[in-house]
file my_file_38.cif (mmCIF, C-alpha atoms)
data_entry
loop_
_atom_site.group_PDB
_atom_site.id
_atom_site.type_symbol
_atom_site.label_atom_id
_atom_site.label_comp_id
_atom_site.auth_asym_id
_atom_site.auth_seq_id
_atom_site.Cartn_x
_atom_site.Cartn_y
_atom_site.Cartn_z
ATOM 1 C CA MET H 819 -26.150 -1.626 16.887
ATOM 2 C CA LEU H 820 -25.063 -4.558 14.772
ATOM 3 C CA PRO H 821 -22.402 -3.928 12.113
ATOM 4 C CA THR H 822 -23.459 -2.958 8.611
ATOM 5 C CA PRO H 823 -21.906 -4.767 5.641
ATOM 6 C CA PRO H 824 -19.529 -2.839 3.407
ATOM 7 C CA GLU H 825 -20.940 -1.066 0.373
ATOM 8 C CA SER H 826 -19.542 -3.688 -2.019
ATOM 9 C CA LEU H 827 -21.823 -6.316 -0.422
ATOM 10 C CA ARG H 828 -24.835 -4.049 0.094
ATOM 11 C CA VAL H 829 -25.018 -3.139 -3.589
ATOM 12 C CA TRP H 830 -24.792 -6.830 -4.461
ATOM 13 C CA VAL H 831 -28.201 -7.411 -2.860
ATOM 14 C CA GLY H 832 -29.950 -4.209 -3.939
ATOM 15 C CA PRO H 833 -29.650 -0.473 -4.481
ATOM 16 C CA PHE H 834 -28.071 0.034 -1.072
ATOM 17 C CA ALA H 835 -24.972 2.179 -1.529
ATOM 18 C CA ASP H 836 -26.434 4.208 1.347
ATOM 19 C CA ALA H 837 -25.962 2.239 4.593
ATOM 20 C CA GLU H 838 -28.957 3.928 6.216
ATOM 21 C CA LEU H 839 -31.204 2.894 3.324
ATOM 22 C CA PHE H 840 -29.958 -0.705 3.718
ATOM 23 C CA ARG H 841 -30.865 -0.712 7.431
ATOM 24 C CA ALA H 842 -34.202 1.062 6.895
ATOM 25 C CA SER H 843 -35.186 -1.370 4.152
ATOM 26 C CA GLY H 844 -34.453 -4.344 6.398
ATOM 27 C CA THR H 845 -36.423 -2.766 9.233
ATOM 28 C CA ARG H 846 -39.445 -2.144 6.970
ATOM 29 C CA ASN H 847 -39.365 -5.734 5.758
ATOM 30 C CA ALA H 848 -39.040 -7.069 9.310
ATOM 31 C CA HIS H 849 -42.006 -4.982 10.501
ATOM 32 C CA SER H 850 -44.100 -6.297 7.604
ATOM 33 C CA ILE H 851 -43.070 -9.868 8.375
ATOM 34 C CA VAL H 852 -44.018 -9.525 12.043
ATOM 35 C CA GLU H 853 -47.317 -7.802 11.295
ATOM 36 C CA LEU H 854 -48.541 -9.735 8.272
ATOM 37 C CA CYS H 855 -47.261 -13.175 9.252
ATOM 38 C CA GLY H 856 -48.029 -12.939 12.951
ATOM 39 C CA LEU H 857 -44.402 -13.755 13.720
ATOM 40 C CA LYS H 858 -43.830 -14.563 17.387
ATOM 41 C CA PRO H 859 -40.504 -13.843 19.127
ATOM 42 C CA ASP H 860 -39.950 -17.561 19.749
ATOM 43 C CA ALA H 861 -40.503 -18.541 16.096
ATOM 44 C CA ARG H 862 -38.118 -20.667 14.054
ATOM 45 C CA VAL H 863 -37.339 -18.600 10.948
ATOM 46 C CA LEU H 864 -35.573 -19.554 7.721
ATOM 47 C CA GLU H 865 -34.530 -16.979 5.146
ATOM 48 C CA VAL H 866 -33.783 -18.420 1.715
ATOM 49 C CA GLY H 867 -31.329 -16.088 -0.005
ATOM 50 C CA CYS H 868 -30.328 -14.253 3.181
ATOM 51 C CA GLY H 869 -27.693 -12.168 1.402
ATOM 52 C CA CYS H 870 -25.548 -10.090 3.725
ATOM 53 C CA GLY H 871 -28.080 -10.027 6.562
ATOM 54 C CA ARG H 872 -30.398 -7.137 5.678
ATOM 55 C CA ILE H 873 -33.479 -8.833 7.146
ATOM 56 C CA ALA H 874 -31.550 -10.897 9.698
ATOM 57 C CA THR H 875 -30.122 -7.819 11.417
ATOM 58 C CA ALA H 876 -33.568 -6.217 11.518
ATOM 59 C CA LEU H 877 -35.092 -9.354 13.093
ATOM 60 C CA ALA H 878 -32.255 -9.707 15.618
ATOM 61 C CA SER H 879 -33.897 -7.493 18.231
ATOM 62 C CA TYR H 880 -37.251 -9.243 17.792
ATOM 63 C CA ILE H 881 -36.416 -12.953 17.814
ATOM 64 C CA SER H 882 -36.003 -14.116 21.415
ATOM 65 C CA GLU H 883 -33.449 -16.546 22.787
ATOM 66 C CA ASN H 884 -36.170 -19.209 22.469
ATOM 67 C CA GLY H 885 -36.512 -18.503 18.758
ATOM 68 C CA SER H 886 -34.036 -19.045 15.968
ATOM 69 C CA TYR H 887 -33.017 -17.703 12.597
ATOM 70 C CA ASP H 888 -31.318 -19.706 9.859
ATOM 71 C CA GLY H 889 -30.317 -18.141 6.591
ATOM 72 C CA PHE H 890 -28.727 -19.642 3.521
ATOM 73 C CA ASP H 891 -27.431 -18.209 0.300
ATOM 74 C CA VAL H 892 -25.502 -19.342 -2.773
ATOM 75 C CA ALA H 893 -23.092 -16.375 -2.687
ATOM 76 C CA ALA H 894 -20.040 -17.119 -0.531
ATOM 77 C CA PRO H 895 -18.820 -13.488 -0.214
ATOM 78 C CA LEU H 896 -22.112 -12.493 1.439
ATOM 79 C CA LEU H 897 -21.968 -15.301 3.983
ATOM 80 C CA ASN H 898 -18.251 -14.805 4.514
ATOM 81 C CA TRP H 899 -19.250 -11.457 5.982
ATOM 82 C CA CYS H 900 -22.317 -12.675 7.961
ATOM 83 C CA ARG H 901 -20.567 -15.537 9.691
ATOM 84 C CA PRO H 902 -17.801 -13.584 11.468
ATOM 85 C CA GLU H 903 -19.715 -10.298 11.847
ATOM 86 C CA LEU H 904 -23.223 -11.421 12.847
ATOM 87 C CA GLN H 905 -23.182 -15.032 13.989
ATOM 88 C CA PRO H 906 -20.904 -14.477 17.041
ATOM 89 C CA ARG H 907 -23.114 -11.589 18.194
ATOM 90 C CA LEU H 908 -26.359 -13.507 17.628
ATOM 91 C CA PRO H 909 -26.024 -17.002 19.155
ATOM 92 C CA ASN H 910 -29.399 -18.223 17.836
ATOM 93 C CA PHE H 911 -28.677 -17.016 14.261
ATOM 94 C CA ARG H 912 -26.907 -19.287 11.760
ATOM 95 C CA PHE H 913 -25.773 -18.658 8.191
ATOM 96 C CA GLN H 914 -25.145 -21.515 5.761
ATOM 97 C CA LEU H 915 -23.659 -21.586 2.278
ATOM 98 C CA ALA H 916 -25.527 -23.550 -0.397
ATOM 99 C CA ASP H 917 -22.320 -23.926 -2.377
ATOM 100 C CA GLU H 918 -23.559 -26.770 -4.577
ATOM 101 C CA VAL H 919 -26.262 -24.650 -6.266
ATOM 102 C CA HIS H 920 -25.256 -23.233 -9.634
ATOM 103 C CA ALA H 921 -26.271 -19.579 -9.879
ATOM 104 C CA PRO H 922 -24.745 -17.443 -12.645
ATOM 105 C CA GLY H 923 -23.316 -14.270 -11.166
ATOM 106 C CA HIS H 924 -23.551 -15.594 -7.623
ATOM 107 C CA ASN H 925 -22.114 -19.110 -7.679
ATOM 108 C CA PRO H 926 -21.023 -20.129 -11.200
ATOM 109 C CA SER H 927 -18.975 -23.052 -9.850
ATOM 110 C CA GLY H 928 -22.023 -24.749 -8.298
ATOM 111 C CA THR H 929 -22.746 -28.168 -9.783
ATOM 112 C CA LYS H 930 -26.446 -28.597 -8.979
ATOM 113 C CA ASN H 931 -29.393 -26.946 -10.706
ATOM 114 C CA ALA H 932 -31.692 -25.048 -8.307
ATOM 115 C CA ALA H 933 -34.565 -27.208 -9.598
ATOM 116 C CA GLU H 934 -32.848 -30.236 -8.001
ATOM 117 C CA PHE H 935 -31.577 -28.664 -4.769
ATOM 118 C CA SER H 936 -32.838 -30.071 -1.470
ATOM 119 C CA PHE H 937 -32.804 -27.550 1.359
ATOM 120 C CA PRO H 938 -30.422 -28.736 4.121
ATOM 121 C CA TYR H 939 -33.016 -28.835 6.923
ATOM 122 C CA ALA H 940 -35.430 -31.405 8.342
ATOM 123 C CA SER H 941 -39.117 -31.396 7.431
ATOM 124 C CA GLY H 942 -41.236 -29.237 9.748
ATOM 125 C CA SER H 943 -38.202 -27.340 11.101
ATOM 126 C CA PHE H 944 -39.570 -23.814 10.696
ATOM 127 C CA ASP H 945 -42.570 -21.631 11.496
ATOM 128 C CA LEU H 946 -41.768 -19.058 8.812
ATOM 129 C CA VAL H 947 -39.780 -19.178 5.584
ATOM 130 C CA ILE H 948 -38.814 -15.890 3.934
ATOM 131 C CA LEU H 949 -37.897 -15.575 0.252
ATOM 132 C CA SER H 950 -37.156 -11.948 -0.559
ATOM 133 C CA SER H 951 -36.254 -11.269 -4.183
ATOM 134 C CA VAL H 952 -35.151 -14.857 -4.731
ATOM 135 C CA LEU H 953 -37.768 -16.338 -7.021
ATOM 136 C CA THR H 954 -37.507 -13.410 -9.431
ATOM 137 C CA HIS H 955 -34.053 -14.710 -10.426
ATOM 138 C CA MET H 956 -35.147 -18.286 -11.145
ATOM 139 C CA MET H 957 -36.619 -20.402 -13.901
ATOM 140 C CA PRO H 958 -40.113 -21.931 -13.351
ATOM 141 C CA GLU H 959 -38.797 -25.432 -12.519
ATOM 142 C CA ALA H 960 -36.487 -23.994 -9.868
ATOM 143 C CA ILE H 961 -39.301 -21.853 -8.436
ATOM 144 C CA GLU H 962 -41.524 -24.926 -8.164
ATOM 145 C CA ASN H 963 -38.758 -26.810 -6.378
ATOM 146 C CA TYR H 964 -38.027 -23.979 -3.938
ATOM 147 C CA LEU H 965 -41.727 -23.650 -3.089
ATOM 148 C CA ARG H 966 -42.034 -27.428 -2.582
ATOM 149 C CA GLU H 967 -38.962 -27.383 -0.360
ATOM 150 C CA THR H 968 -40.370 -24.419 1.559
ATOM 151 C CA CYS H 969 -43.667 -26.209 2.169
ATOM 152 C CA SER H 970 -41.904 -29.303 3.459
ATOM 153 C CA LEU H 971 -39.915 -27.259 5.986
ATOM 154 C CA LEU H 972 -42.905 -25.517 7.507
ATOM 155 C CA GLY H 973 -44.669 -26.845 10.563
ATOM 156 C CA GLN H 974 -48.452 -27.226 10.380
ATOM 157 C CA LEU H 975 -49.101 -23.571 11.174
ATOM 158 C CA GLY H 976 -46.151 -22.229 9.237
ATOM 159 C CA VAL H 977 -46.328 -19.530 6.587
ATOM 160 C CA HIS H 978 -43.969 -18.592 3.817
ATOM 161 C CA GLN H 979 -43.371 -15.044 2.776
ATOM 162 C CA CYS H 980 -42.549 -14.399 -0.847
ATOM 163 C CA VAL H 981 -41.627 -10.878 -1.750
ATOM 164 C CA SER H 982 -42.108 -9.911 -5.355
ATOM 165 C CA LEU H 983 -41.037 -6.771 -7.136
ATOM 166 C CA ARG H 984 -44.592 -5.642 -7.925
ATOM 167 C CA ARG H 985 -45.433 -2.260 -6.446
ATOM 168 C CA GLY H 986 -48.723 -1.137 -4.967
ATOM 169 C CA ARG H 987 -49.617 -4.505 -3.418
ATOM 170 C CA SER H 988 -49.352 -5.479 0.191
ATOM 171 C CA HIS H 989 -51.781 -8.172 1.168
ATOM 172 C CA ARG H 990 -52.094 -11.770 2.157
ATOM 173 C CA SER H 991 -53.278 -13.954 -0.689
ATOM 174 C CA ASP H 992 -54.616 -17.484 -0.486
ATOM 175 C CA GLN H 993 -54.807 -17.693 -4.268
ATOM 176 C CA ARG H 994 -52.253 -19.805 -6.056
ATOM 177 C CA ASP H 995 -50.963 -19.401 -9.566
ATOM 178 C CA ASP H 996 -52.184 -22.462 -11.474
ATOM 179 C CA ARG H 997 -48.957 -22.477 -13.502
ATOM 180 C CA LEU H 998 -47.003 -23.546 -10.409
ATOM 181 C CA ARG H 999 -47.512 -27.088 -9.219
ATOM 182 C CA LEU H 1000 -47.532 -26.734 -5.429
ATOM 183 C CA PRO H 1001 -48.341 -29.496 -2.981
ATOM 184 C CA PRO H 1002 -51.871 -29.439 -1.511
ATOM 185 C CA GLN H 1003 -50.542 -28.540 1.958
ATOM 186 C CA ALA H 1004 -48.949 -25.341 0.620
ATOM 187 C CA GLY H 1005 -49.967 -22.576 2.969
ATOM 188 C CA PRO H 1006 -50.938 -19.014 2.219
ATOM 189 C CA MET H 1007 -48.537 -16.830 0.298
ATOM 190 C CA LEU H 1008 -47.737 -13.296 1.343
ATOM 191 C CA ASP H 1009 -47.006 -10.902 -1.480
ATOM 192 C CA LEU H 1010 -45.411 -7.605 -0.411
#

call {"tool": "encode", "arguments": {"input": "my_file_38.cif", "output": "structure tokens"}}
result
Amino acid sequence: MLPTPPESLRVWVGPFADAELFRASGTRNAHSIVELCGLKPDARVLEVGCGCGRIATALASYISENGSYDGFDVAAPLLNWCRPELQPRLPNFRFQLADEVHAPGHNPSGTKNAAEFSFPYASGSFDLVILSSVLTHMMPEAIENYLRETCSLLGQLGVHQCVSLRRGRSHRSDQRDDRLRLPPQAGPMLDL
């Protein structure tokens, strides 16, 4: 079993004082991702706002050596745990700090607004992009930017998974919110 982050990091990313709840939550999310997105073991996965590896650790046994996982976050303490604890055990998993993004409470010293941030990956690099409880913390202009960036990173058959905090919904939706200006190639959204 992969190591579990300390309580101080788990509660940073959710109500996870209980280590078992942290692991179970990641496992549930990973199962939903595999099932609803049709994730293949050799997929190239990006998690925006990867935190302290809740979903990454759950996907570790599923993603094959031919697949890859990249995660980035604006909170250095979370990645300072993932890098030494997870990355050496998972050679095809990488964790990157988006230190330049200003995020009150997570990275107040960042100098760039999230609405102007360019994701540090090449266009078409991923088959799946996961955003779990990321957009709920952002202003509309930043959300638009993150969704544009997500779309540019996906290959032609890629899908992005956006997890919202609404309860009682678990479906794939091809409807877009007209208030967000997404590029025409934006793929289907998954709302868990």

call {"tool": "resolve_selection", "arguments": {"input": "my_file_38.cif", "expression": "the PyMOL selection byres ((chain H and resi 832-846) around 10)", "output": "ChimeraX atom specification"}}
result
/H:822-831,847-851,869,871-877,951

call {"tool": "write_last_selection", "arguments": {"input": "my_file_38.cif", "atoms": "C-alpha atoms", "output": "mmCIF file, in the coordinates of the input"}}
result
data_model
loop_
_atom_site.group_PDB
_atom_site.id
_atom_site.type_symbol
_atom_site.label_atom_id
_atom_site.label_comp_id
_atom_site.auth_asym_id
_atom_site.auth_seq_id
_atom_site.Cartn_x
_atom_site.Cartn_y
_atom_site.Cartn_z
ATOM 1 C CA THR H 822 -23.459 -2.958 8.611
ATOM 2 C CA PRO H 823 -21.906 -4.767 5.641
ATOM 3 C CA PRO H 824 -19.529 -2.839 3.407
ATOM 4 C CA GLU H 825 -20.940 -1.066 0.373
ATOM 5 C CA SER H 826 -19.542 -3.688 -2.019
ATOM 6 C CA LEU H 827 -21.823 -6.316 -0.422
ATOM 7 C CA ARG H 828 -24.835 -4.049 0.094
ATOM 8 C CA VAL H 829 -25.018 -3.139 -3.589
ATOM 9 C CA TRP H 830 -24.792 -6.830 -4.461
ATOM 10 C CA VAL H 831 -28.201 -7.411 -2.860
ATOM 11 C CA ASN H 847 -39.365 -5.734 5.758
ATOM 12 C CA ALA H 848 -39.040 -7.069 9.310
ATOM 13 C CA HIS H 849 -42.006 -4.982 10.501
ATOM 14 C CA SER H 850 -44.100 -6.297 7.604
ATOM 15 C CA ILE H 851 -43.070 -9.868 8.375
ATOM 16 C CA GLY H 869 -27.693 -12.168 1.402
ATOM 17 C CA GLY H 871 -28.080 -10.027 6.562
ATOM 18 C CA ARG H 872 -30.398 -7.137 5.678
ATOM 19 C CA ILE H 873 -33.479 -8.833 7.146
ATOM 20 C CA ALA H 874 -31.550 -10.897 9.698
ATOM 21 C CA THR H 875 -30.122 -7.819 11.417
ATOM 22 C CA ALA H 876 -33.568 -6.217 11.518
ATOM 23 C CA LEU H 877 -35.092 -9.354 13.093
ATOM 24 C CA SER H 951 -36.254 -11.269 -4.183
#

call {"tool": "atom_distance", "arguments": {"input": "my_file_38.cif", "atom1": "atom CA of Gly973 of chain H", "atom2": "atom CA of Arg862 of chain H"}}
result
9.7 Å

call {"tool": "resolve_selection", "arguments": {"input": "my_file_38.cif", "expression": "the PyMOL selection byres ((chain H and resi 913) around 7)", "output": "PyMOL selection string"}}
result
chain H and resi 888-890+897+900-901+911-912+914-915

call {"tool": "closest_residue", "arguments": {"input": "my_file_38.cif", "among": "H:Gly928, H:Glu903, H:Leu864, H:His955", "to": "Glu967 of chain H", "atoms": "all atoms listed in the file"}}
result
H:Leu864

call {"tool": "resolve_selection", "arguments": {"input": "my_file_38.cif", "expression": "the PyMOL selection byres ((chain H and resi 963) around 12)", "output": "list in words"}}
result
Asn931, Ala932, Ala933, Glu934, Phe935, Ser936, Phe937, Leu953, Met956, Met957, Pro958, Glu959, Ala960, Ile961, Glu962, Tyr964, Leu965, Arg966, Glu967, Thr968, Cys969, Ser970, Leu998, Arg999, Leu1000 and Pro1001 of chain H

call {"tool": "closest_residue", "arguments": {"input": "my_file_38.cif", "among": "H:Ala861, H:Ala921, H:Val852, H:Met819", "to": "Asn884 of chain H", "atoms": "all atoms listed in the file"}}
result
H:Ala861

call {"tool": "residues_around", "arguments": {"input": "my_file_38.cif", "residues": "Ser943 of chain H", "least_positions_apart": "2", "cutoff": "8 Å", "atoms": "all atoms listed in the file", "output": "list in words"}}
result
Arg862, Tyr939, Ala940, Ser941, Asp945, Leu971, Leu972 and Gly973 of chain H

call {"tool": "atom_distance", "arguments": {"input": "my_file_38.cif", "atom1": "atom CA of Cys855 of chain H", "atom2": "atom CA of Val892 of chain H"}}
result
25.6 Å

call {"tool": "atom_distance", "arguments": {"input": "my_file_38.cif", "atom1": "atom CA of Pro938 of chain H", "atom2": "atom CA of Leu854 of chain H"}}
result
26.6 Å

call {"tool": "closest_residue", "arguments": {"input": "my_file_38.cif", "among": "H:Leu820, H:Trp899, H:Ala893, H:Gly856", "to": "Pro926 of chain H", "atoms": "all atoms listed in the file"}}
result
H:Ala893

call {"tool": "axis_aligned_box", "arguments": {"input": "my_file_38.cif", "around": "segment 906-918 of chain H", "padding_each_side": "3 Å", "output": "JSON"}}
result
{"center_x": -25.2, "center_y": -19.2, "center_z": 7.3, "size_x": 14.5, "size_y": 21.2, "size_z": 29.7}

call {"tool": "closest_residue", "arguments": {"input": "my_file_38.cif", "among": "H:Ala894, H:Pro902, H:Gly942, H:Ile881", "to": "His924 of chain H", "atoms": "all atoms listed in the file"}}
result
H:Ala894

call {"tool": "closest_residue", "arguments": {"input": "my_file_38.cif", "among": "H:Gly923, H:Pro909, H:Pro821, H:Pro859", "to": "Ser879 of chain H", "atoms": "all atoms listed in the file"}}
result
H:Pro859

call {"tool": "decode", "arguments": {"input": "my_file_38.cif", "residues": "segment 824-853 of chain H", "atoms": "N, CA and C atoms", "output": "JSON list (two decimals), in the first residue's frame"}}
result
[["chain", "number", "residue", "atom", "x", "y", "z"],
["H", 824, "PRO", "N", -0.02, 12.84, 6.00],
["H", 824, "PRO", "CA", -0.39, 13.13, 7.38],
["H", 824, "PRO", "C", -1.71, 13.90, 7.44],
["H", 825, "GLU", "N", -2.34, 13.84, 8.59],
["H", 825, "GLU", "CA", -3.63, 14.49, 8.78],
["H", 825, "GLU", "C", -3.60, 15.97, 8.42],
["H", 826, "SER", "N", -2.53, 16.66, 8.74],
["H", 826, "SER", "CA", -2.45, 18.10, 8.46],
["H", 826, "SER", "C", -2.60, 18.40, 6.97],
["H", 827, "LEU", "N", -2.17, 17.51, 6.11],
["H", 827, "LEU", "CA", -2.32, 17.70, 4.66],
["H", 827, "LEU", "C", -3.68, 17.19, 4.18],
["H", 828, "ARG", "N", -4.13, 16.09, 4.74],
["H", 828, "ARG", "CA", -5.44, 15.54, 4.33],
["H", 828, "ARG", "C", -6.57, 16.51, 4.59],
["H", 829, "VAL", "N", -6.54, 17.18, 5.74],
["H", 829, "VAL", "CA", -7.64, 18.11, 6.04],
["H", 829, "VAL", "C", -7.53, 19.40, 5.23],
["H", 830, "TRP", "N", -6.37, 19.64, 4.64],
["H", 830, "TRP", "CA", -6.20, 20.79, 3.76],
["H", 830, "TRP", "C", -7.04, 20.61, 2.49],
["H", 831, "VAL", "N", -7.17, 19.37, 2.03],
["H", 831, "VAL", "CA", -7.86, 19.11, 0.77],
["H", 831, "VAL", "C", -9.31, 18.64, 0.93],
["H", 832, "GLY", "N", -9.75, 18.46, 2.17],
["H", 832, "GLY", "CA", -11.13, 18.03, 2.39],
["H", 832, "GLY", "C", -11.34, 17.58, 3.82],
["H", 833, "PRO", "N", -12.51, 17.05, 4.10],
["H", 833, "PRO", "CA", -12.81, 16.62, 5.47],
["H", 833, "PRO", "C", -12.25, 15.22, 5.74],
["H", 834, "PHE", "N", -10.92, 15.11, 5.69],
["H", 834, "PHE", "CA", -10.29, 13.80, 5.72],
["H", 834, "PHE", "C", -9.38, 13.59, 6.92],
["H", 835, "ALA", "N", -9.84, 13.95, 8.11],
["H", 835, "ALA", "CA", -9.06, 13.65, 9.31],
["H", 835, "ALA", "C", -8.86, 12.14, 9.42],
["H", 836, "ASP", "N", -9.86, 11.39, 9.00],
["H", 836, "ASP", "CA", -9.81, 9.93, 8.99],
["H", 836, "ASP", "C", -9.06, 9.46, 7.75],
["H", 837, "ALA", "N", -7.93, 8.78, 7.94],
["H", 837, "ALA", "CA", -7.10, 8.32, 6.82],
["H", 837, "ALA", "C", -7.86, 7.35, 5.92],
["H", 838, "GLU", "N", -8.69, 6.49, 6.52],
["H", 838, "GLU", "CA", -9.45, 5.53, 5.72],
["H", 838, "GLU", "C", -10.46, 6.24, 4.83],
["H", 839, "LEU", "N", -11.08, 7.28, 5.32],
["H", 839, "LEU", "CA", -12.02, 8.06, 4.52],
["H", 839, "LEU", "C", -11.29, 8.72, 3.35],
["H", 840, "PHE", "N", -10.09, 9.23, 3.58],
["H", 840, "PHE", "CA", -9.27, 9.82, 2.52],
["H", 840, "PHE", "C", -9.02, 8.80, 1.41],
["H", 841, "ARG", "N", -8.58, 7.60, 1.80],
["H", 841, "ARG", "CA", -8.30, 6.55, 0.80],
["H", 841, "ARG", "C", -9.58, 6.12, 0.08],
["H", 842, "ALA", "N", -10.65, 5.92, 0.84],
["H", 842, "ALA", "CA", -11.92, 5.46, 0.24],
["H", 842, "ALA", "C", -12.47, 6.50, -0.73],
["H", 843, "SER", "N", -12.35, 7.77, -0.39],
["H", 843, "SER", "CA", -12.82, 8.83, -1.27],
["H", 843, "SER", "C", -12.04, 8.84, -2.58],
["H", 844, "GLY", "N", -10.74, 8.70, -2.50],
["H", 844, "GLY", "CA", -9.91, 8.62, -3.70],
["H", 844, "GLY", "C", -10.27, 7.42, -4.56],
["H", 845, "THR", "N", -10.50, 6.29, -3.92],
["H", 845, "THR", "CA", -10.87, 5.07, -4.64],
["H", 845, "THR", "C", -12.21, 5.24, -5.35],
["H", 846, "ARG", "N", -13.19, 5.83, -4.67],
["H", 846, "ARG", "CA", -14.50, 6.08, -5.30],
["H", 846, "ARG", "C", -14.36, 6.99, -6.52],
["H", 847, "ASN", "N", -13.58, 8.05, -6.36],
["H", 847, "ASN", "CA", -13.38, 8.96, -7.49],
["H", 847, "ASN", "C", -12.68, 8.24, -8.65],
["H", 848, "ALA", "N", -11.67, 7.46, -8.34],
["H", 848, "ALA", "CA", -10.93, 6.74, -9.39],
["H", 848, "ALA", "C", -11.85, 5.76, -10.12],
["H", 849, "HIS", "N", -12.69, 5.04, -9.40],
["H", 849, "HIS", "CA", -13.63, 4.11, -10.04],
["H", 849, "HIS", "C", -14.59, 4.88, -10.96],
["H", 850, "SER", "N", -15.07, 6.01, -10.51],
["H", 850, "SER", "CA", -15.96, 6.82, -11.36],
["H", 850, "SER", "C", -15.23, 7.30, -12.60],
["H", 851, "ILE", "N", -14.01, 7.74, -12.44],
["H", 851, "ILE", "CA", -13.22, 8.21, -13.58],
["H", 851, "ILE", "C", -13.04, 7.10, -14.61],
["H", 852, "VAL", "N", -12.67, 5.92, -14.15],
["H", 852, "VAL", "CA", -12.46, 4.79, -15.06],
["H", 852, "VAL", "C", -13.76, 4.44, -15.77],
["H", 853, "GLU", "N", -14.83, 4.33, -15.01],
["H", 853, "GLU", "CA", -16.12, 3.91, -15.57],
["H", 853, "GLU", "C", -16.73, 4.97, -16.49]]
